[in-house]
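Chemist: Structure file final-v5.tsv (TSV, C-alpha atoms (C1' of nucleotides)) is given on the next line.
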```tsv
chain	number	residue	atom	x	y	z
A	23	MET	CA	93.18	-94.62	-135.12
A	24	ALA	CA	96.36	-92.66	-134.67
A	25	LEU	CA	95.03	-89.53	-133.00
A	26	GLU	CA	94.59	-91.83	-130.05
A	27	HIS	CA	98.29	-92.62	-130.12
A	28	ALA	CA	99.29	-89.01	-130.62
A	29	ILE	CA	97.26	-88.15	-127.51
A	30	LEU	CA	98.90	-90.98	-125.57
A	31	VAL	CA	102.33	-89.69	-126.56
A	32	SER	CA	101.37	-86.20	-125.47
A	33	LEU	CA	99.87	-87.35	-122.18
A	34	ALA	CA	102.91	-89.55	-121.52
A	35	GLU	CA	104.94	-86.33	-121.58
A	36	ARG	CA	102.54	-84.85	-119.03
A	37	ALA	CA	98.86	-84.79	-118.03
A	38	ALA	CA	96.54	-82.28	-119.69
A	39	SER	CA	92.94	-81.24	-120.24
A	40	GLY	CA	91.29	-81.50	-123.65
A	41	TYR	CA	91.77	-77.79	-124.06
A	42	ASP	CA	95.46	-78.03	-123.17
A	43	LEU	CA	95.87	-80.84	-125.66
A	44	ALA	CA	94.22	-78.81	-128.38
A	45	ARG	CA	96.70	-76.01	-127.81
A	46	ARG	CA	99.58	-78.43	-127.58
A	47	PHE	CA	98.51	-79.90	-130.92
A	48	ASP	CA	98.42	-76.43	-132.44
A	49	ALA	CA	101.92	-75.74	-131.22
A	50	SER	CA	103.90	-78.90	-131.65
A	51	ILE	CA	102.66	-82.43	-132.17
A	52	GLY	CA	99.86	-81.11	-134.39
A	53	HIS	CA	102.39	-80.15	-137.05
A	54	PHE	CA	102.56	-83.87	-137.74
A	55	TRP	CA	99.06	-84.84	-136.65
A	56	PRO	CA	96.64	-81.91	-136.78
A	57	ALA	CA	93.48	-82.25	-134.71
A	58	SER	CA	90.55	-79.99	-133.91
A	59	HIS	CA	89.32	-79.61	-130.35
A	60	GLN	CA	86.08	-81.41	-131.28
A	61	GLN	CA	87.97	-84.43	-132.48
A	62	ILE	CA	90.21	-84.40	-129.41
A	63	TYR	CA	87.26	-84.31	-126.99
A	64	LYS	CA	85.54	-87.09	-128.89
A	65	VAL	CA	88.57	-89.38	-128.87
A	66	LEU	CA	89.39	-88.51	-125.26
A	67	ALA	CA	85.91	-89.58	-124.17
A	68	ARG	CA	86.30	-92.94	-125.86
A	69	MET	CA	89.79	-93.38	-124.47
A	70	GLU	CA	88.45	-92.75	-120.99
A	71	SER	CA	85.79	-95.42	-121.37
A	72	ASP	CA	88.52	-97.73	-122.73
A	73	LYS	CA	90.57	-96.99	-119.57
A	74	LEU	CA	93.54	-95.71	-121.56
A	75	VAL	CA	93.34	-92.41	-119.73
A	76	ALA	CA	91.82	-91.30	-116.43
A	77	ALA	CA	90.13	-87.95	-115.87
A	78	ASP	CA	90.45	-85.82	-112.78
A	79	LEU	CA	87.98	-82.96	-112.40
A	80	VAL	CA	89.78	-79.81	-111.32
A	81	ALA	CA	87.88	-76.73	-110.12
A	82	GLN	CA	89.57	-73.45	-110.91
A	83	ASP	CA	88.73	-69.95	-109.79
A	84	GLY	CA	88.14	-67.32	-112.38
A	85	ARG	CA	87.93	-70.07	-114.99
A	86	PRO	CA	85.65	-72.94	-115.90
A	87	ASP	CA	86.36	-76.30	-114.31
A	88	LYS	CA	88.52	-78.59	-116.34
A	89	LYS	CA	89.04	-82.31	-116.74
A	90	VAL	CA	92.69	-83.20	-116.50
A	91	TYR	CA	93.50	-86.45	-118.24
A	92	ALA	CA	96.44	-88.65	-117.26
A	93	ILE	CA	97.70	-91.77	-119.03
A	94	THR	CA	96.93	-95.04	-117.22
A	95	ASP	CA	98.92	-98.26	-117.11
A	96	ASP	CA	96.64	-99.65	-119.81
A	97	GLY	CA	97.37	-96.54	-121.84
A	98	ARG	CA	101.10	-96.98	-121.40
A	99	ALA	CA	100.78	-100.62	-122.46
A	100	GLU	CA	98.83	-99.62	-125.57
A	101	LEU	CA	101.44	-96.99	-126.36
A	102	ARG	CA	104.26	-99.51	-126.04
A	103	ALA	CA	102.38	-101.98	-128.23
A	104	TRP	CA	101.89	-99.32	-130.88
A	105	LEU	CA	105.55	-98.34	-130.77
A	106	ALA	CA	106.66	-101.96	-131.14
A	107	LYS	CA	104.38	-102.68	-134.08
A	108	PRO	CA	105.86	-101.32	-137.32
A	109	SER	CA	103.34	-98.97	-138.83
A	110	ARG	CA	102.57	-99.37	-142.46
A	111	ARG	CA	103.38	-96.54	-144.78
A	112	GLU	CA	100.87	-93.77	-144.27
A	113	ALA	CA	99.05	-92.49	-147.32
A	114	THR	CA	100.23	-88.98	-148.08
A	115	ARG	CA	97.65	-87.08	-150.04
A	116	ILE	CA	99.06	-84.09	-151.87
A	117	ASP	CA	96.20	-82.08	-153.27
A	118	PHE	CA	98.68	-79.72	-154.87
A	119	ALA	CA	100.37	-82.45	-156.92
A	120	VAL	CA	97.00	-83.43	-158.35
A	121	LYS	CA	96.47	-79.81	-159.37
A	122	LEU	CA	99.92	-79.71	-160.90
A	123	ARG	CA	99.01	-82.59	-163.18
A	124	ALA	CA	96.23	-80.42	-164.59
A	125	LEU	CA	98.50	-77.41	-165.02
A	126	HIS	CA	97.80	-77.07	-168.73
A	127	LEU	CA	94.10	-76.55	-167.97
A	128	ALA	CA	94.69	-73.78	-165.43
A	129	ASP	CA	95.20	-70.04	-165.74
A	130	PRO	CA	98.98	-69.50	-165.65
A	131	ASP	CA	98.92	-66.28	-163.60
A	132	ALA	CA	96.49	-67.61	-161.02
A	133	PHE	CA	98.53	-70.77	-160.76
A	134	ARG	CA	101.78	-68.90	-160.32
A	135	ALA	CA	100.16	-66.85	-157.55
A	136	GLU	CA	99.08	-70.03	-155.81
A	137	VAL	CA	102.56	-71.51	-156.01
A	138	GLU	CA	103.97	-68.32	-154.52
A	139	GLN	CA	101.42	-68.43	-151.73
A	140	ARG	CA	102.32	-72.01	-151.06
A	141	ARG	CA	106.00	-71.17	-151.01
A	142	ALA	CA	105.33	-68.41	-148.48
A	143	ALA	CA	103.40	-70.83	-146.26
A	144	HIS	CA	106.32	-73.27	-146.34
A	145	ALA	CA	108.76	-70.46	-145.54
A	146	GLU	CA	106.66	-69.34	-142.60
A	147	LEU	CA	106.47	-72.83	-141.12
A	148	LEU	CA	110.18	-73.33	-141.73
A	149	ALA	CA	110.97	-70.13	-139.85
A	150	ALA	CA	108.80	-71.28	-136.95
A	151	TYR	CA	110.52	-74.68	-136.87
A	152	GLU	CA	113.96	-73.12	-137.01
A	153	ALA	CA	113.05	-70.76	-134.18
A	154	SER	CA	111.89	-73.76	-132.15
A	155	GLU	CA	115.11	-75.57	-132.84
A	156	ALA	CA	117.24	-72.61	-131.77
A	157	LYS	CA	115.15	-72.15	-128.63
A	158	TYR	CA	114.66	-75.71	-127.42
A	159	PHE	CA	117.56	-77.61	-128.96
A	160	PRO	CA	120.51	-75.22	-129.04
A	161	ASN	CA	123.00	-78.06	-128.56
A	162	PRO	CA	121.72	-81.19	-130.37
A	163	SER	CA	124.86	-83.18	-129.62
A	164	ALA	CA	124.10	-83.14	-125.89
A	165	LEU	CA	120.40	-83.89	-125.63
A	166	ALA	CA	118.54	-85.55	-122.78
A	167	ALA	CA	117.29	-89.03	-123.78
A	168	ASP	CA	113.66	-87.94	-123.98
A	169	GLN	CA	114.56	-84.93	-126.12
A	170	ILE	CA	116.21	-86.81	-128.98
A	171	GLY	CA	112.89	-87.95	-130.47
A	172	PRO	CA	111.23	-84.54	-130.42
A	173	TRP	CA	114.36	-83.01	-131.91
A	174	LEU	CA	114.49	-85.59	-134.73
A	175	ALA	CA	110.79	-85.02	-135.40
A	176	LEU	CA	111.44	-81.29	-135.67
A	177	ARG	CA	114.35	-81.98	-138.03
A	178	GLY	CA	111.91	-83.90	-140.21
A	179	GLY	CA	109.57	-80.93	-140.26
A	180	ILE	CA	112.42	-78.66	-141.28
A	181	ARG	CA	113.34	-81.04	-144.11
A	182	VAL	CA	109.75	-81.22	-145.32
A	183	GLU	CA	109.39	-77.45	-145.46
A	184	ARG	CA	112.76	-76.90	-147.09
A	185	GLY	CA	111.85	-79.54	-149.66
A	186	GLY	CA	108.52	-77.82	-150.24
A	187	ILE	CA	110.22	-74.48	-150.86
A	188	GLU	CA	112.66	-76.05	-153.32
A	189	TRP	CA	109.82	-77.74	-155.15
A	190	CYS	CA	107.94	-74.44	-155.44
A	191	ASP	CA	111.09	-72.77	-156.77
A	192	GLU	CA	111.50	-75.49	-159.36
A	193	ILE	CA	107.87	-75.02	-160.43
A	194	LEU	CA	108.20	-71.24	-160.59
A	195	GLN	CA	111.31	-71.60	-162.71
A	196	ALA	CA	109.52	-73.94	-165.10
A	197	LEU	CA	106.54	-71.58	-165.27
A	198	GLY	CA	108.85	-68.65	-165.88
A	199	ALA	CA	110.53	-70.43	-168.75
A	200	VAL	CA	107.15	-70.83	-170.43
A	201	THR	CA	106.11	-67.16	-170.12
B	293	MET	CA	86.17	-83.91	-151.72
B	294	ALA	CA	89.37	-84.16	-153.65
B	295	LEU	CA	89.21	-87.71	-154.98
B	296	GLU	CA	86.49	-86.30	-157.17
B	297	HIS	CA	88.94	-83.78	-158.56
B	298	ALA	CA	91.69	-86.33	-158.98
B	299	ILE	CA	89.26	-88.44	-161.00
B	300	LEU	CA	88.27	-85.42	-163.09
B	301	VAL	CA	91.94	-84.72	-163.81
B	302	SER	CA	92.47	-88.32	-164.81
B	303	LEU	CA	89.36	-88.46	-167.00
B	304	ALA	CA	90.29	-85.14	-168.60
B	305	GLU	CA	93.45	-86.89	-169.81
B	306	ARG	CA	91.26	-89.68	-171.24
B	307	ALA	CA	88.09	-91.66	-170.59
B	308	ALA	CA	88.28	-94.77	-168.44
B	309	SER	CA	86.30	-97.39	-166.54
B	310	GLY	CA	86.38	-97.61	-162.76
B	311	TYR	CA	88.75	-100.52	-163.07
B	312	ASP	CA	91.05	-98.56	-165.39
B	313	LEU	CA	91.02	-95.63	-162.98
B	314	ALA	CA	91.93	-97.88	-160.08
B	315	ARG	CA	94.97	-99.14	-161.98
B	316	ARG	CA	95.85	-95.64	-163.12
B	317	PHE	CA	95.73	-94.52	-159.50
B	318	ASP	CA	98.02	-97.36	-158.50
B	319	ALA	CA	100.51	-96.38	-161.16
B	320	SER	CA	100.63	-92.61	-161.23
B	321	ILE	CA	98.15	-90.14	-159.78
B	322	GLY	CA	97.64	-92.40	-156.78
B	323	HIS	CA	101.15	-91.65	-155.59
B	324	PHE	CA	99.72	-88.29	-154.58
B	325	TRP	CA	96.14	-89.32	-153.96
B	326	PRO	CA	95.82	-93.02	-153.17
B	327	ALA	CA	92.38	-94.54	-153.66
B	328	SER	CA	90.92	-98.03	-153.44
B	329	HIS	CA	88.65	-99.37	-156.15
B	330	GLN	CA	85.71	-99.36	-153.74
B	331	GLN	CA	86.14	-95.65	-153.09
B	332	ILE	CA	86.58	-94.94	-156.80
B	333	TYR	CA	83.35	-96.78	-157.74
B	334	LYS	CA	81.47	-95.02	-154.98
B	335	VAL	CA	82.62	-91.55	-155.99
B	336	LEU	CA	82.13	-92.29	-159.69
B	337	ALA	CA	78.50	-93.23	-159.03
B	338	ARG	CA	77.90	-89.95	-157.26
B	339	MET	CA	79.72	-88.00	-159.94
B	340	GLU	CA	77.53	-89.61	-162.56
B	341	SER	CA	74.35	-88.60	-160.75
B	342	ASP	CA	75.85	-85.10	-160.42
B	343	LYS	CA	76.44	-85.10	-164.21
B	344	LEU	CA	80.16	-84.49	-163.84
B	345	VAL	CA	80.86	-87.65	-165.80
B	346	ALA	CA	78.85	-89.74	-168.26
B	347	ALA	CA	79.00	-93.52	-168.45
B	348	ASP	CA	78.98	-95.58	-171.61
B	349	LEU	CA	78.35	-99.31	-171.25
B	350	VAL	CA	80.81	-101.26	-173.36
B	351	ALA	CA	80.35	-104.99	-174.03
B	352	GLN	CA	83.56	-106.92	-174.46
B	353	ASP	CA	84.15	-110.45	-175.52
B	354	GLY	CA	86.11	-112.72	-173.29
B	355	ARG	CA	85.74	-110.16	-170.52
B	356	PRO	CA	82.99	-108.70	-168.36
B	357	ASP	CA	81.20	-105.62	-169.66
B	358	LYS	CA	82.59	-102.33	-168.48
B	359	LYS	CA	81.33	-98.83	-167.90
B	360	VAL	CA	83.56	-96.28	-169.55
B	361	TYR	CA	83.29	-92.87	-167.95
B	362	ALA	CA	84.01	-89.63	-169.79
B	363	ILE	CA	84.18	-86.14	-168.35
B	364	THR	CA	81.20	-83.90	-169.26
B	365	ASP	CA	81.08	-80.15	-169.80
B	366	ASP	CA	79.81	-79.77	-166.23
B	367	GLY	CA	82.77	-81.85	-165.09
B	368	ARG	CA	85.20	-79.67	-167.02
B	369	ALA	CA	83.60	-76.57	-165.49
B	370	GLU	CA	83.94	-78.03	-162.01
B	371	LEU	CA	87.55	-78.91	-162.73
B	372	ARG	CA	88.31	-75.38	-163.91
B	373	ALA	CA	86.61	-73.91	-160.83
B	374	TRP	CA	88.67	-76.13	-158.57
B	375	LEU	CA	91.88	-75.19	-160.36
B	376	ALA	CA	91.10	-71.48	-160.06
B	377	LYS	CA	90.27	-71.61	-156.35
B	378	PRO	CA	93.44	-71.65	-154.26
B	379	SER	CA	93.34	-74.77	-152.13
B	380	ARG	CA	94.08	-74.39	-148.51
B	381	ARG	CA	97.11	-76.15	-147.09
B	382	GLU	CA	96.35	-79.82	-146.82
B	383	ALA	CA	96.88	-81.46	-143.47
B	384	THR	CA	99.84	-83.80	-143.71
B	385	ARG	CA	99.66	-86.50	-141.07
B	386	ILE	CA	103.00	-88.13	-140.38
B	387	ASP	CA	102.41	-91.11	-138.15
B	388	PHE	CA	106.14	-91.73	-138.03
B	389	ALA	CA	106.94	-88.29	-136.58
B	390	VAL	CA	104.48	-88.95	-133.76
B	391	LYS	CA	106.31	-92.19	-133.04
B	392	LEU	CA	109.63	-90.40	-133.13
B	393	ARG	CA	108.48	-88.10	-130.36
B	394	ALA	CA	108.04	-91.16	-128.17
B	395	LEU	CA	111.43	-92.59	-129.12
B	396	HIS	CA	112.64	-92.78	-125.51
B	397	LEU	CA	109.76	-95.16	-124.69
B	398	ALA	CA	110.52	-97.54	-127.57
B	399	ASP	CA	112.88	-100.46	-127.94
B	400	PRO	CA	115.98	-99.08	-129.69
B	401	ASP	CA	116.65	-102.12	-131.89
B	402	ALA	CA	113.06	-102.49	-133.01
B	403	PHE	CA	112.93	-98.79	-133.75
B	404	ARG	CA	116.13	-98.85	-135.72
B	405	ALA	CA	114.74	-101.73	-137.76
B	406	GLU	CA	111.61	-99.75	-138.49
B	407	VAL	CA	113.60	-96.72	-139.62
B	408	GLU	CA	115.62	-98.95	-141.93
B	409	GLN	CA	112.45	-100.45	-143.35
B	410	ARG	CA	111.06	-97.01	-143.90
B	411	ARG	CA	114.26	-95.92	-145.60
B	412	ALA	CA	114.04	-98.92	-147.91
B	413	ALA	CA	110.44	-98.06	-148.81
B	414	HIS	CA	111.48	-94.49	-149.68
B	415	ALA	CA	114.39	-95.80	-151.76
B	416	GLU	CA	112.11	-98.15	-153.64
B	417	LEU	CA	109.60	-95.44	-154.48
B	418	LEU	CA	112.42	-93.08	-155.45
B	419	ALA	CA	113.80	-95.67	-157.84
B	420	ALA	CA	110.36	-96.09	-159.39
B	421	TYR	CA	109.96	-92.33	-159.79
B	422	GLU	CA	113.41	-91.96	-161.31
B	423	ALA	CA	112.68	-94.77	-163.74
B	424	SER	CA	109.43	-92.99	-164.72
B	425	GLU	CA	111.29	-89.76	-165.24
B	426	ALA	CA	113.90	-91.40	-167.44
B	427	LYS	CA	111.23	-93.22	-169.43
B	428	TYR	CA	108.59	-90.52	-169.90
B	429	PHE	CA	110.51	-87.27	-169.52
B	430	PRO	CA	113.97	-87.85	-170.98
B	431	ASN	CA	114.24	-84.25	-172.11
B	432	PRO	CA	112.49	-81.95	-169.60
B	433	SER	CA	113.57	-78.77	-171.35
B	434	ALA	CA	111.44	-79.64	-174.39
B	435	LEU	CA	108.16	-80.84	-172.97
B	436	ALA	CA	104.70	-80.69	-174.55
B	437	ALA	CA	102.46	-78.20	-172.71
B	438	ASP	CA	100.33	-80.91	-171.12
B	439	GLN	CA	103.39	-82.80	-169.94
B	440	ILE	CA	104.93	-80.02	-167.84
B	441	GLY	CA	102.49	-80.49	-164.97
B	442	PRO	CA	102.90	-84.27	-164.69
B	443	TRP	CA	106.67	-83.85	-164.88
B	444	LEU	CA	106.67	-81.23	-162.09
B	445	ALA	CA	104.44	-83.47	-159.98
B	446	LEU	CA	106.87	-86.33	-160.46
B	447	ARG	CA	109.74	-84.02	-159.51
B	448	GLY	CA	107.87	-83.31	-156.28
B	449	GLY	CA	107.57	-87.01	-155.59
B	450	ILE	CA	111.29	-87.44	-156.16
B	451	ARG	CA	112.02	-84.61	-153.73
B	452	VAL	CA	109.71	-86.08	-151.09
B	453	GLU	CA	111.36	-89.50	-151.27
B	454	ARG	CA	114.88	-88.10	-151.30
B	455	GLY	CA	113.98	-85.97	-148.28
B	456	GLY	CA	112.54	-89.03	-146.56
B	457	ILE	CA	115.76	-90.98	-147.13
B	458	GLU	CA	117.88	-88.13	-145.76
B	459	TRP	CA	115.65	-87.87	-142.71
B	460	CYS	CA	116.00	-91.61	-142.06
B	461	ASP	CA	119.77	-91.33	-142.39
B	462	GLU	CA	119.82	-88.46	-139.92
B	463	ILE	CA	117.78	-90.53	-137.48
B	464	LEU	CA	119.96	-93.62	-137.92
B	465	GLN	CA	123.03	-91.52	-137.30
B	466	ALA	CA	121.53	-90.10	-134.11
B	467	LEU	CA	120.52	-93.59	-132.98
B	468	GLY	CA	123.99	-94.90	-133.75
B	469	ALA	CA	125.58	-92.19	-131.66
B	470	VAL	CA	123.51	-93.30	-128.68
B	471	THR	CA	124.38	-97.00	-128.95
C	55	DT	C1'	78.51	-50.39	-120.78
C	56	DG	C1'	79.20	-53.23	-124.38
C	57	DC	C1'	81.97	-56.23	-127.04
C	58	DA	C1'	85.69	-59.11	-128.30
C	59	DA	C1'	88.80	-62.61	-126.83
C	60	DC	C1'	90.12	-66.40	-123.90
C	61	DT	C1'	89.16	-70.54	-121.19
C	62	DA	C1'	86.54	-74.85	-121.21
C	63	DC	C1'	83.47	-78.43	-122.76
C	64	DG	C1'	80.66	-80.72	-125.93
C	65	DC	C1'	76.76	-82.45	-129.54
C	66	DA	C1'	74.88	-83.49	-134.25
C	67	DA	C1'	75.09	-84.02	-138.97
C	68	DC	C1'	77.89	-84.85	-142.51
C	69	DT	C1'	81.87	-86.34	-145.61
C	70	DT	C1'	85.59	-89.20	-146.62
C	71	DG	C1'	87.95	-93.26	-146.59
C	72	DT	C1'	88.69	-98.36	-144.89
C	73	DT	C1'	87.64	-103.25	-144.41
C	74	DG	C1'	85.47	-107.21	-145.54
C	75	DC	C1'	82.68	-109.45	-148.52
C	76	DA	C1'	80.01	-110.87	-152.91
C	77	DT	C1'	79.43	-111.77	-157.78
C	78	DA	C1'	80.58	-113.07	-162.57
C	79	DT	C1'	83.45	-114.41	-166.80
C	80	DG	C1'	87.40	-116.45	-168.95
C	81	DC	C1'	92.19	-117.99	-169.24
C	82	DG	C1'	95.99	-120.89	-168.13
C	83	DT	C1'	98.07	-124.34	-165.17
C	84	DT	C1'	98.46	-128.51	-162.44
D	143	DA	C1'	88.24	-130.94	-162.70
D	144	DA	C1'	90.02	-127.71	-159.55
D	145	DC	C1'	92.52	-123.70	-158.57
D	146	DG	C1'	94.49	-119.25	-158.92
D	147	DC	C1'	94.63	-115.03	-161.48
D	148	DA	C1'	93.06	-111.02	-164.15
D	149	DT	C1'	89.08	-108.43	-165.49
D	150	DA	C1'	85.06	-105.96	-163.87
D	151	DT	C1'	81.61	-104.03	-160.55
D	152	DG	C1'	79.63	-103.19	-156.33
D	153	DC	C1'	77.33	-103.27	-151.23
D	154	DA	C1'	77.40	-102.81	-146.11
D	155	DA	C1'	79.34	-101.72	-141.87
D	156	DC	C1'	82.55	-99.11	-139.78
D	157	DA	C1'	86.19	-95.58	-138.46
D	158	DA	C1'	88.01	-91.08	-138.69
D	159	DG	C1'	87.76	-86.42	-139.38
D	160	DT	C1'	85.15	-81.84	-140.63
D	161	DT	C1'	81.76	-78.24	-140.07
D	162	DG	C1'	78.58	-75.77	-137.71
D	163	DC	C1'	76.55	-74.79	-133.59
D	164	DG	C1'	75.67	-74.20	-128.43
D	165	DT	C1'	76.78	-73.18	-123.46
D	166	DA	C1'	79.02	-70.52	-119.82
D	167	DG	C1'	82.07	-67.69	-117.02
D	168	DT	C1'	86.22	-64.18	-116.98
D	169	DT	C1'	89.29	-60.62	-118.52
D	170	DG	C1'	90.51	-56.50	-120.69
D	171	DC	C1'	89.76	-52.60	-123.38
D	172	DA	C1'	87.56	-48.79	-125.75
```
Take the structure in this file and express it as structure tokens.
Modeler:
Amino acid sequence: MALEHAILVSLAERAASGYDLARRFDASIGHFWPASHQQIYKVLARMESDKLVAADLVAQDGRPDKKVYAITDDGRAELRAWLAKPSRREATRIDFAVKLRALHLADPDAFRAEVEQRRAAHAELLAAYEASEAKYFPNPSALAADQIGPWLALRGGIRVERGGIEWCDEILQALGAVT
Amino acid sequence: MALEHAILVSLAERAASGYDLARRFDASIGHFWPASHQQIYKVLARMESDKLVAADLVAQDGRPDKKVYAITDDGRAELRAWLAKPSRREATRIDFAVKLRALHLADPDAFRAEVEQRRAAHAELLAAYEASEAKYFPNPSALAADQIGPWLALRGGIRVERGGIEWCDEILQALGAVT
DNA sequence: TGCAACTACGCAACTTGTTGCATATGCGTT
DNA sequence: AACGCATATGCAACAAGTTGCGTAGTTGCA
């Protein structure tokens, strides 16, 4: 159950409502652990009953009330335990690679279009990551201690997307050679 | 439901029992879509009742009987439909990147050890992929039509592992600079 | 005035995958 | 004879995530 840990990491940075978390996941941590608001609310409710987080009901004017969750000492202990325990290799499922294996059964033009679409998606994410890096980490050699991790995570994202683009280019080249 | 499609791809290559598929997944297609034998048997049973595959009971001597599954025309149609429909971007969940974000809360030595372990795992998989490439695709410029896809998929795996190693090295360097 | 978009929370049904266990045969080793 | 290992199949309980829907107030715009 790693969404739990992703939420703990996010709440350790600062307290947030379920809604805030959902947006935070869309913007940053969710690049590595996507989560829908439904799933976040569900897990948050269980975490509250497990005392890993504590809710504080905040009335707002002009907006619905919200429940602001903060990490508890139990939560921090759980987070530390998770960090200390080496995680086993996560299973990466790459739908696209499965499709690739069946390339000879597919329509070449449709497949090429899909590869190009995929390449564009990688390029878009890469641009977003690079913009984040320029904005938040302009000087990586002089980072605050709690910024090194987020920066390294972002670097990983950049590598993944660049690798994805290169893979697409290699595929397009191979497809081109066939045509 | 993509395990279904991975199984169809595998059975389109050639018929197999659940046990065969499980081993095939361990060795090749499972690098991109891991699956346990329990899950494979479960999905196969449903696929049989959906007429996507047909089972043939084969008695063996010296071994338990087995059920050899072959793809049906309906299965081939489903496979073609899946190939033609652009798949949306799969959600990649990177446990490790979530941990990285909480780096400042972790024990530096334990974390370094985990990164090194992760690097070793990437290196091991990379070596296996490169051995496969050398063995099965010694001459990529002259590949049979149905071998291009599997080769490109393997190339993707190689890229992923190489990228993973480089990321680990970047992290180790950053951790070293701190110490 | 109406309608879309944003904030804010959540339930219910379903699908997918994991974990632990059970069963059976036959081979080779100790 | 006992044990582990490979072959071969599967069930049951559980965990995690997806999809579709529902509620309710506020803001801004056309």
Chemist: Report, in Å with one decimal, the straight-line distance from CA of Ala419 (chain B) to CA of Gly449 (chain B).
Modeler: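 Value for the CA of Ala419 (chain B)-CA of Gly449 (chain B) distance: 10.9 Å.
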Chemist: Compute the chain C side of the contact with chain B at 8 Å, counting only C-alpha atoms (C1' of nucleotides), and hand it back as a ChimeraX atom specification.
Modeler: /C:69-71,78-80
Chemist: List the neighbours of DC153 (chain D) out to 10 Å using only C-alpha atoms (C1' of nucleotides); skip same-chain residues closer than 4 positions along the sequence, and give me the result as a list of chain:residue names.
Modeler: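 Neighbouring residues, sequence-local ones excluded: B:Gln330, B:Lys334, C:DC75, C:DA76.
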Chemist: So that I have them on file, write out the residues from the current selection with C-alpha atoms (C1' of nucleotides), as a PDB file, in the coordinates of the input.
Modeler:
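Final output, part23.pdb:
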```
ATOM      1  CA  GLN B 330      85.710 -99.360-153.740  1.00  0.00           C
ATOM      2  CA  LYS B 334      81.470 -95.020-154.980  1.00  0.00           C
TER       3      LYS B 334
ATOM      4  C1'  DC C  75      82.680-109.450-148.520  1.00  0.00           C
ATOM      5  C1'  DA C  76      80.010-110.870-152.910  1.00  0.00           C
TER       6       DA C  76
END
```
Chemist: Neighbours of region 310-318 of chain B within 7 Å (only C-alpha atoms (C1' of nucleotides); same-chain residues fewer than 2 positions away dropped), as a list of chain:residue names?
Modeler: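 My reading of the contact set: B:Ala308, B:Ser320, B:Ile321, B:Gly322, B:Pro326, B:Ala327, B:Ser328, B:His329, B:Ile332, B:Tyr333, D:DA150.
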Chemist: Mind pulling up the distance from CA of Lys427 (chain B) to CA of Ile457 (chain B)?
Modeler: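 These two atoms are separated by 22.9 Å.
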Chemist: Kindly compute an axis-aligned box around the listed atoms of region 455-458 of chain B, allowing 6 Å on each side, and express its centre and edge lengths in Å to one decimal as lines of an AutoDock Vina configuration file.
Modeler:
```
center_x = 115.2
center_y = -88.5
center_z = -147.0
size_x = 17.3
size_y = 17.0
size_z = 14.5
```
Chemist: Mind listing as a list in words all residues within 12 Å of (79.9, -53.7, -121.7), counting all atoms listed in the file?
Modeler: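 Taken together, the residues in range are DT55, DG56, DC57 and DA58 of chain C; DG170, DC171 and DA172 of chain D.
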Chemist: So what do you get for C1' of DA66 (chain C) versus CA of Val65 (chain A), distance-wise?
Modeler: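 These two atoms are separated by 15.8 Å.
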Chemist: What residues in chain D lie within 12 Å of chain B, counting only C-alpha atoms (C1' of nucleotides), written as a PyMOL selection string?
Modeler: chain D and resi 148-154+159-160
Chemist: Using all atoms listed in the file for the distances, tell me which of C:DA67, C:DA59, C:DT72, C:DT84 is nearest to DA157 (chain D).
Modeler: C:DT72
